[in-house]
Amino acid sequence: MQKQKKVSYIRKSFAKRSFLCLGLAVGALALGMIGIISSVMAEGQAQLNVAAVCFCSMLISIVSMVYGVFSFFEKEKKYILSKIGMGISLSLIILWAVLIIIGIKG
């Protein structure tokens, strides 16, 4: 005889740090888009402020990843916002790492 699955009728709330993770990820995405669009409009000859915006996007993505990891330590919560935020942040970190490597290599 099979065991019956437990059904929880208690509605779980979202992890508190997941809202911050997702918000920071969306902000980093917006800054990254602003930086890339500004660089394309300047035909690759962007000023220093564009580089600063892109660097801030990378740093905010890293901080968002940290908050996403910390949100998984909260027990009995929903983690979907953390997963979305971490996915966006990881994509941005990989994008900026690849662009930095391409810039250094030439």
# chains A, B, ... in the order shown; residues from 1 in each chain; ligands from 1
>>> residues_around(residues="Met65 in chain A", least_positions_apart="4", cutoff="8 Å", atoms="only C-alpha atoms", output="list in words")
Cys21, Ser61, Val69, Gly85, Met86, Ser89 and Leu90 of chain A
>>> write_last_selection(atoms="C-alpha atoms", output="PDB file, in the first residue's frame")
ATOM      1  CA  CYS A  21      16.987  39.919  -5.149  1.00  0.00           C
ATOM      2  CA  SER A  61      24.097  41.688 -10.241  1.00  0.00           C
ATOM      3  CA  VAL A  69      21.449  32.699  -2.043  1.00  0.00           C
ATOM      4  CA  GLY A  85      16.273  37.125  -9.876  1.00  0.00           C
ATOM      5  CA  MET A  86      19.240  34.789  -9.684  1.00  0.00           C
ATOM      6  CA  SER A  89      21.748  38.139 -12.333  1.00  0.00           C
ATOM      7  CA  LEU A  90      23.716  35.105 -13.455  1.00  0.00           C
TER       8      LEU A  90
END
>>> residues_around(residues="Arg17 in chain A", least_positions_apart="2", cutoff="12 Å", atoms="only C-alpha atoms", output="number ranges by chain")
A: 13-15, 19-24, 63-74, 77-83, 85-86
>>> closest_residue(among="A:Lys105, A:Ala30, A:Gly35, A:Lys16", to="Leu48 in chain A", atoms="only C-alpha atoms")
A:Gly35
>>> closest_residue(among="A:Gln47, A:Glu76, A:Met41, A:Ile62", to="Arg11 in chain A", atoms="only C-alpha atoms")
A:Glu76
>>> residues_around(residues="Ile36 in chain A", least_positions_apart="4", cutoff="8 Å", atoms="only C-alpha atoms", output="MDAnalysis selection string")
chainID A and resid 32 40 54
>>> closest_residue(among="A:Lys6, A:Ile84, A:Ala97, A:Gly106", to="Ser18 in chain A", atoms="only C-alpha atoms")
A:Ile84
>>> select_by_dssp(residues="chain A", states="helix (DSSP H, G or I)", output="ChimeraX atom specification")
/A:16-41,48-71,80-105
>>> closest_residue(among="A:Ile88, A:Lys75, A:Ile37, A:Trp96", to="Cys56 in chain A", atoms="only C-alpha atoms")
A:Trp96
>>> atom_distance(atom1="CA of Glu43 in chain A", atom2="CA of Gly87 in chain A")
29.6 Å
>>> atom_distance(atom1="CA of Ala42 in chain A", atom2="CA of Leu92 in chain A")
21.7 Å
